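Pasting entry01.cif here (mmCIF, C-alpha atoms):
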```cif
data_final
#
loop_
_atom_site.group_PDB
_atom_site.id
_atom_site.type_symbol
_atom_site.label_atom_id
_atom_site.label_comp_id
_atom_site.auth_asym_id
_atom_site.auth_seq_id
_atom_site.Cartn_x
_atom_site.Cartn_y
_atom_site.Cartn_z
ATOM 1 C CA MET A 1 0.000 0.000 0.000
ATOM 2 C CA ALA A 2 1.351 3.436 -0.933
ATOM 3 C CA PRO A 3 2.073 5.823 1.924
ATOM 4 C CA SER A 4 -0.470 8.527 2.534
ATOM 5 C CA LEU A 5 0.329 12.165 1.929
ATOM 6 C CA PRO A 6 0.288 14.833 4.619
ATOM 7 C CA ALA A 7 -2.841 16.949 4.998
ATOM 8 C CA VAL A 8 -0.759 20.111 4.767
ATOM 9 C CA VAL A 9 2.788 21.079 3.842
ATOM 10 C CA PHE A 10 4.078 24.287 5.375
ATOM 11 C CA PHE A 11 7.017 26.139 3.868
ATOM 12 C CA ASP A 12 9.426 28.723 5.170
ATOM 13 C CA LEU A 13 9.620 31.724 2.843
ATOM 14 C CA ASP A 14 13.110 33.244 2.541
ATOM 15 C CA ASP A 15 15.733 30.991 0.965
ATOM 16 C CA THR A 16 13.215 28.161 0.776
ATOM 17 C CA LEU A 17 10.805 29.565 -1.821
ATOM 18 C CA ILE A 18 12.277 33.009 -2.468
ATOM 19 C CA ASP A 19 15.919 33.381 -3.469
ATOM 20 C CA SER A 20 16.839 36.310 -1.244
ATOM 21 C CA ALA A 21 20.308 36.832 -2.740
ATOM 22 C CA ALA A 22 19.029 36.902 -6.342
ATOM 23 C CA SER A 23 16.155 39.156 -5.323
ATOM 24 C CA GLU A 24 18.460 41.663 -3.655
ATOM 25 C CA ALA A 25 20.746 41.698 -6.713
ATOM 26 C CA SER A 26 17.837 42.157 -9.132
ATOM 27 C CA THR A 27 16.725 45.526 -10.450
ATOM 28 C CA SER A 28 13.145 44.238 -10.482
ATOM 29 C CA ASP A 29 10.734 44.972 -7.651
ATOM 30 C CA ALA A 30 9.549 41.358 -7.764
ATOM 31 C CA TRP A 31 11.030 38.739 -5.490
ATOM 32 C CA GLN A 32 12.828 35.950 -7.348
ATOM 33 C CA LEU A 33 11.650 32.369 -6.918
ATOM 34 C CA TYR A 34 13.837 29.307 -7.096
ATOM 35 C CA ALA A 35 13.101 27.354 -10.289
ATOM 36 C CA ASP A 36 11.819 24.325 -8.352
ATOM 37 C CA VAL A 37 9.141 26.216 -6.394
ATOM 38 C CA LEU A 38 6.136 26.415 -8.742
ATOM 39 C CA PRO A 39 6.388 22.822 -10.035
ATOM 40 C CA CYS A 40 6.524 21.562 -6.439
ATOM 41 C CA LEU A 41 3.609 23.697 -5.245
ATOM 42 C CA ASP A 42 1.492 22.809 -8.284
ATOM 43 C CA THR A 43 2.154 19.076 -7.884
ATOM 44 C CA LEU A 44 1.279 19.102 -4.183
ATOM 45 C CA ALA A 45 -1.892 21.111 -4.824
ATOM 46 C CA ASN A 46 -2.920 18.721 -7.622
ATOM 47 C CA LEU A 47 -2.478 15.840 -5.160
ATOM 48 C CA GLY A 48 -4.908 17.541 -2.783
ATOM 49 C CA VAL A 49 -2.322 18.657 -0.237
ATOM 50 C CA ARG A 50 -3.023 22.041 1.351
ATOM 51 C CA LEU A 51 -0.143 24.504 1.426
ATOM 52 C CA GLY A 52 0.822 26.986 4.098
ATOM 53 C CA ILE A 53 3.586 29.373 5.101
ATOM 54 C CA ILE A 54 5.309 29.571 8.490
ATOM 55 C CA SER A 55 7.762 32.456 8.496
ATOM 56 C CA ASN A 56 9.582 34.656 10.962
ATOM 57 C CA GLY A 57 9.383 38.381 10.276
ATOM 58 C CA LYS A 58 7.055 41.319 9.935
ATOM 59 C CA ASP A 59 3.607 40.338 8.697
ATOM 60 C CA ARG A 60 3.242 43.154 6.156
ATOM 61 C CA TYR A 61 6.713 42.525 4.714
ATOM 62 C CA GLN A 62 6.255 38.755 4.367
ATOM 63 C CA ARG A 63 2.841 39.169 2.743
ATOM 64 C CA ALA A 64 4.290 41.752 0.339
ATOM 65 C CA LYS A 65 6.919 39.205 -0.727
ATOM 66 C CA LEU A 66 4.223 36.594 -1.336
ATOM 67 C CA ASN A 67 2.122 39.029 -3.375
ATOM 68 C CA SER A 68 5.065 40.446 -5.346
ATOM 69 C CA SER A 69 6.361 36.986 -6.214
ATOM 70 C CA GLY A 70 2.927 35.733 -7.275
ATOM 71 C CA LEU A 71 2.936 33.034 -4.589
ATOM 72 C CA ALA A 72 0.140 34.259 -2.317
ATOM 73 C CA SER A 73 -2.667 32.449 -4.147
ATOM 74 C CA HIS A 74 -0.969 29.067 -3.655
ATOM 75 C CA PHE A 75 -1.378 29.083 0.126
ATOM 76 C CA THR A 76 -4.432 28.500 2.295
ATOM 77 C CA SER A 77 -2.708 29.914 5.378
ATOM 78 C CA ILE A 78 0.097 32.344 6.087
ATOM 79 C CA THR A 79 1.533 32.257 9.604
ATOM 80 C CA VAL A 80 3.988 35.049 10.399
ATOM 81 C CA SER A 81 5.785 35.376 13.721
ATOM 82 C CA GLU A 82 4.864 39.029 14.235
ATOM 83 C CA SER A 83 1.138 38.216 14.161
ATOM 84 C CA VAL A 84 1.392 35.053 16.250
ATOM 85 C CA GLY A 85 3.777 36.417 18.872
ATOM 86 C CA HIS A 86 6.193 33.485 18.599
ATOM 87 C CA THR A 87 9.193 32.910 16.328
ATOM 88 C CA LYS A 88 10.625 29.671 15.009
ATOM 89 C CA PRO A 89 11.888 27.452 16.588
ATOM 90 C CA ASP A 90 9.278 28.058 19.342
ATOM 91 C CA ILE A 91 6.782 25.209 19.053
ATOM 92 C CA GLU A 92 3.862 27.618 19.493
ATOM 93 C CA ILE A 93 4.198 29.076 15.986
ATOM 94 C CA PHE A 94 4.007 25.572 14.477
ATOM 95 C CA LEU A 95 1.067 24.578 16.682
ATOM 96 C CA TRP A 96 -0.758 27.821 15.816
ATOM 97 C CA ALA A 97 -0.326 27.093 12.095
ATOM 98 C CA CYS A 98 -1.668 23.558 12.548
ATOM 99 C CA ARG A 99 -4.699 24.791 14.495
ATOM 100 C CA HIS A 100 -5.372 27.339 11.743
ATOM 101 C CA GLN A 101 -5.340 24.495 9.185
ATOM 102 C CA HIS A 102 -7.433 22.228 11.473
ATOM 103 C CA VAL A 103 -4.842 19.444 11.486
ATOM 104 C CA GLU A 104 -2.920 17.606 14.151
ATOM 105 C CA PRO A 105 0.830 18.279 13.989
ATOM 106 C CA VAL A 106 1.528 14.664 12.997
ATOM 107 C CA GLN A 107 -0.543 15.264 9.823
ATOM 108 C CA ALA A 108 1.694 18.148 8.746
ATOM 109 C CA VAL A 109 5.124 18.654 7.201
ATOM 110 C CA HIS A 110 7.262 21.773 7.461
ATOM 111 C CA VAL A 111 10.023 22.427 4.904
ATOM 112 C CA GLY A 112 12.636 25.081 5.550
ATOM 113 C CA ASP A 113 16.210 26.068 4.810
ATOM 114 C CA ARG A 114 17.382 26.340 8.413
ATOM 115 C CA LEU A 115 18.150 23.127 10.243
ATOM 116 C CA GLY A 116 17.451 24.346 13.784
ATOM 117 C CA PRO A 117 14.552 26.803 13.516
ATOM 118 C CA ASP A 118 12.779 25.043 10.651
ATOM 119 C CA ALA A 119 13.368 21.284 10.651
ATOM 120 C CA ARG A 120 14.163 20.695 14.316
ATOM 121 C CA GLY A 121 11.640 23.295 15.485
ATOM 122 C CA ALA A 122 8.902 21.571 13.495
ATOM 123 C CA MET A 123 9.875 18.181 14.861
ATOM 124 C CA ALA A 124 9.823 19.490 18.445
ATOM 125 C CA ALA A 125 6.224 20.607 17.834
ATOM 126 C CA GLY A 126 5.232 17.172 16.497
ATOM 127 C CA LEU A 127 5.301 17.969 12.767
ATOM 128 C CA HIS A 128 7.464 16.172 10.254
ATOM 129 C CA GLY A 129 10.432 18.473 9.701
ATOM 130 C CA ILE A 130 12.327 18.429 6.412
ATOM 131 C CA TRP A 131 15.528 20.377 5.985
ATOM 132 C CA LEU A 132 15.915 22.003 2.550
ATOM 133 C CA ASN A 133 19.704 22.082 2.365
ATOM 134 C CA ARG A 134 20.101 24.041 -0.894
ATOM 135 C CA HIS A 135 23.756 24.833 -0.186
ATOM 136 C CA GLU A 136 24.690 21.266 0.769
ATOM 137 C CA ALA A 137 26.015 22.037 4.219
ATOM 138 C CA ASP A 138 27.021 19.149 6.469
ATOM 139 C CA LEU A 139 24.107 16.747 6.604
ATOM 140 C CA ALA A 140 22.025 16.037 9.667
ATOM 141 C CA ASP A 141 21.525 12.278 9.673
ATOM 142 C CA GLU A 142 18.642 12.273 12.128
ATOM 143 C CA LEU A 143 16.102 13.967 9.878
ATOM 144 C CA PRO A 144 14.951 13.988 6.269
ATOM 145 C CA THR A 145 17.047 16.290 4.104
ATOM 146 C CA ILE A 146 16.540 17.411 0.509
ATOM 147 C CA THR A 147 18.675 19.720 -1.635
ATOM 148 C CA SER A 148 15.874 20.811 -3.986
ATOM 149 C CA LEU A 149 12.101 21.048 -3.778
ATOM 150 C CA SER A 150 12.027 18.688 -6.774
ATOM 151 C CA GLU A 151 12.926 15.964 -4.229
ATOM 152 C CA LEU A 152 10.000 16.706 -1.893
ATOM 153 C CA VAL A 153 7.098 14.953 -3.639
ATOM 154 C CA PRO A 154 9.125 11.772 -4.296
ATOM 155 C CA LEU A 155 10.191 11.760 -0.627
ATOM 156 C CA LEU A 156 6.567 12.025 0.491
ATOM 157 C CA HIS A 157 5.362 9.417 -2.044
ATOM 158 C CA ASP A 158 8.150 6.924 -1.388
ATOM 159 C CA GLY A 159 7.472 6.702 2.313
ATOM 160 C CA GLY A 160 10.475 8.755 3.350
ATOM 161 C CA LEU A 161 8.415 9.913 6.338
ATOM 162 C CA PRO A 162 6.188 7.949 8.723
ATOM 163 C CA ASP A 163 2.477 7.673 7.889
ATOM 164 C CA TYR A 164 0.404 10.756 8.635
#
```
Taking this structure as input, can you express it in the form of structure tokens?
Amino acid sequence: MAPSLPAVVFFDLDDTLIDSAASEASTSDAWQLYADVLPCLDTLANLGVRLGIISNGKDRYQRAKLNSSGLASHFTSITVSESVGHTKPDIEIFLWACRHQHVEPVQAVHVGDRLGPDARGAMAAGLHGIWLNRHEADLADELPTITSLSELVPLLHDGGLPDY
């Protein structure tokens, strides 16, 4: 039997979906996406997985990035630390996002570029944490790690995480 998919996949924003360095170097006002972002989001949405954001920062600024990049319409929830009153890796921001999506933490995945605040923070809250290690830093053997979002759907489909 094929493994089930999570009810929701949460993503960090900066350096997970938005390439901050390329965006800062660009003369455009739009934030630059990594090439693997839209195919990943579209595939997950087509599989019936809800998508959300969990991000540290100022609410207005994070929402402006989502709108400018064209990403806002892909997400059913946007959780920003300023509005919630907790920052990653505090478990409360992850639990708040899960409550907002009406899911138990074990039914959710969080993908982010920072090992401690994103992957380990999510795991401490009971979510499945996945480290997006785009720059191939030293690996953390104790948790799922991908180097591109193109690896996410196969990881979820191939049972790389426990059942949800």
Self-check item: Who sits within 12 Å of segment 73-85 of chain A, all atoms listed in the file, same chain under 5 positions skipped, as a ChimeraX atom specification
Solution: /A:7-13,17,37-46,49-68,90-102
With C-alpha atoms retained, could you export that selection as an mmCIF file, keeping the file's coordinate frame?
```cif
data_model
loop_
_atom_site.group_PDB
_atom_site.id
_atom_site.type_symbol
_atom_site.label_atom_id
_atom_site.label_comp_id
_atom_site.auth_asym_id
_atom_site.auth_seq_id
_atom_site.Cartn_x
_atom_site.Cartn_y
_atom_site.Cartn_z
ATOM 1 C CA ALA A 7 -2.841 16.949 4.998
ATOM 2 C CA VAL A 8 -0.759 20.111 4.767
ATOM 3 C CA VAL A 9 2.788 21.079 3.842
ATOM 4 C CA PHE A 10 4.078 24.287 5.375
ATOM 5 C CA PHE A 11 7.017 26.139 3.868
ATOM 6 C CA ASP A 12 9.426 28.723 5.170
ATOM 7 C CA LEU A 13 9.620 31.724 2.843
ATOM 8 C CA LEU A 17 10.805 29.565 -1.821
ATOM 9 C CA VAL A 37 9.141 26.216 -6.394
ATOM 10 C CA LEU A 38 6.136 26.415 -8.742
ATOM 11 C CA PRO A 39 6.388 22.822 -10.035
ATOM 12 C CA CYS A 40 6.524 21.562 -6.439
ATOM 13 C CA LEU A 41 3.609 23.697 -5.245
ATOM 14 C CA ASP A 42 1.492 22.809 -8.284
ATOM 15 C CA THR A 43 2.154 19.076 -7.884
ATOM 16 C CA LEU A 44 1.279 19.102 -4.183
ATOM 17 C CA ALA A 45 -1.892 21.111 -4.824
ATOM 18 C CA ASN A 46 -2.920 18.721 -7.622
ATOM 19 C CA VAL A 49 -2.322 18.657 -0.237
ATOM 20 C CA ARG A 50 -3.023 22.041 1.351
ATOM 21 C CA LEU A 51 -0.143 24.504 1.426
ATOM 22 C CA GLY A 52 0.822 26.986 4.098
ATOM 23 C CA ILE A 53 3.586 29.373 5.101
ATOM 24 C CA ILE A 54 5.309 29.571 8.490
ATOM 25 C CA SER A 55 7.762 32.456 8.496
ATOM 26 C CA ASN A 56 9.582 34.656 10.962
ATOM 27 C CA GLY A 57 9.383 38.381 10.276
ATOM 28 C CA LYS A 58 7.055 41.319 9.935
ATOM 29 C CA ASP A 59 3.607 40.338 8.697
ATOM 30 C CA ARG A 60 3.242 43.154 6.156
ATOM 31 C CA TYR A 61 6.713 42.525 4.714
ATOM 32 C CA GLN A 62 6.255 38.755 4.367
ATOM 33 C CA ARG A 63 2.841 39.169 2.743
ATOM 34 C CA ALA A 64 4.290 41.752 0.339
ATOM 35 C CA LYS A 65 6.919 39.205 -0.727
ATOM 36 C CA LEU A 66 4.223 36.594 -1.336
ATOM 37 C CA ASN A 67 2.122 39.029 -3.375
ATOM 38 C CA SER A 68 5.065 40.446 -5.346
ATOM 39 C CA ASP A 90 9.278 28.058 19.342
ATOM 40 C CA ILE A 91 6.782 25.209 19.053
ATOM 41 C CA GLU A 92 3.862 27.618 19.493
ATOM 42 C CA ILE A 93 4.198 29.076 15.986
ATOM 43 C CA PHE A 94 4.007 25.572 14.477
ATOM 44 C CA LEU A 95 1.067 24.578 16.682
ATOM 45 C CA TRP A 96 -0.758 27.821 15.816
ATOM 46 C CA ALA A 97 -0.326 27.093 12.095
ATOM 47 C CA CYS A 98 -1.668 23.558 12.548
ATOM 48 C CA ARG A 99 -4.699 24.791 14.495
ATOM 49 C CA HIS A 100 -5.372 27.339 11.743
ATOM 50 C CA GLN A 101 -5.340 24.495 9.185
ATOM 51 C CA HIS A 102 -7.433 22.228 11.473
#
```
Quiz prompt | Output of the PyMOL selection byres ((chain A and resi 126) around 12), listed as a PyMOL selection string | solution = chain A and resi 90-95+98+103-110+119-125+127-129+164
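Considering all atoms listed in the file, the residue among A:Asp14, A:Asp113, A:Glu142, A:Asp158 positioned nearest to Ser69 of chain A is A:Asp14.
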Write out as AutoDock Vina command-line options an axis-aligned box for segment 127-145 of chain A: all of its atoms listed in the file, 5 Å added on each side, centre and edge lengths in Å with one decimal.
```
--center_x 16.2 --center_y 18.6 --center_z 5.9 --size_x 31.7 --size_y 22.6 --size_z 23.7
```
Practice problem: Record the distance separating atom CA of Pro144 of chain A and atom CA of Asp118 of chain A, expressed in Å with one decimal. | Solution: 12.1 Å
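Interatomic distance, atom CA of His86 of chain A against atom CA of Val153 of chain A: 29.0 Å.
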Quiz item: Please, what distance in Å, to one decimal, runs between atom CA of Leu161 of chain A and atom CA of Glu136 of chain A?
Solution: 20.6 Å
At a cut-off of 10 Å from (14.6, 18.9, -1.6) in the coordinates of the file, what residues are picked up using all atoms listed in the file, written as a PDB file with C-alpha atoms, keeping the file's coordinate frame?
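The resulting file, selection_7.pdb, is shown below:
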```pdb
ATOM      1  CA  THR A  16      13.215  28.161   0.776  1.00  0.00           C
ATOM      2  CA  ASP A  36      11.819  24.325  -8.352  1.00  0.00           C
ATOM      3  CA  CYS A  40       6.524  21.562  -6.439  1.00  0.00           C
ATOM      4  CA  VAL A 111      10.023  22.427   4.904  1.00  0.00           C
ATOM      5  CA  GLY A 112      12.636  25.081   5.550  1.00  0.00           C
ATOM      6  CA  ASP A 113      16.210  26.068   4.810  1.00  0.00           C
ATOM      7  CA  ILE A 130      12.327  18.429   6.412  1.00  0.00           C
ATOM      8  CA  TRP A 131      15.528  20.377   5.985  1.00  0.00           C
ATOM      9  CA  LEU A 132      15.915  22.003   2.550  1.00  0.00           C
ATOM     10  CA  ASN A 133      19.704  22.082   2.365  1.00  0.00           C
ATOM     11  CA  ARG A 134      20.101  24.041  -0.894  1.00  0.00           C
ATOM     12  CA  PRO A 144      14.951  13.988   6.269  1.00  0.00           C
ATOM     13  CA  THR A 145      17.047  16.290   4.104  1.00  0.00           C
ATOM     14  CA  ILE A 146      16.540  17.411   0.509  1.00  0.00           C
ATOM     15  CA  THR A 147      18.675  19.720  -1.635  1.00  0.00           C
ATOM     16  CA  SER A 148      15.874  20.811  -3.986  1.00  0.00           C
ATOM     17  CA  LEU A 149      12.101  21.048  -3.778  1.00  0.00           C
ATOM     18  CA  SER A 150      12.027  18.688  -6.774  1.00  0.00           C
ATOM     19  CA  GLU A 151      12.926  15.964  -4.229  1.00  0.00           C
ATOM     20  CA  LEU A 152      10.000  16.706  -1.893  1.00  0.00           C
ATOM     21  CA  VAL A 153       7.098  14.953  -3.639  1.00  0.00           C
ATOM     22  CA  PRO A 154       9.125  11.772  -4.296  1.00  0.00           C
ATOM     23  CA  LEU A 155      10.191  11.760  -0.627  1.00  0.00           C
TER      24      LEU A 155
END
```
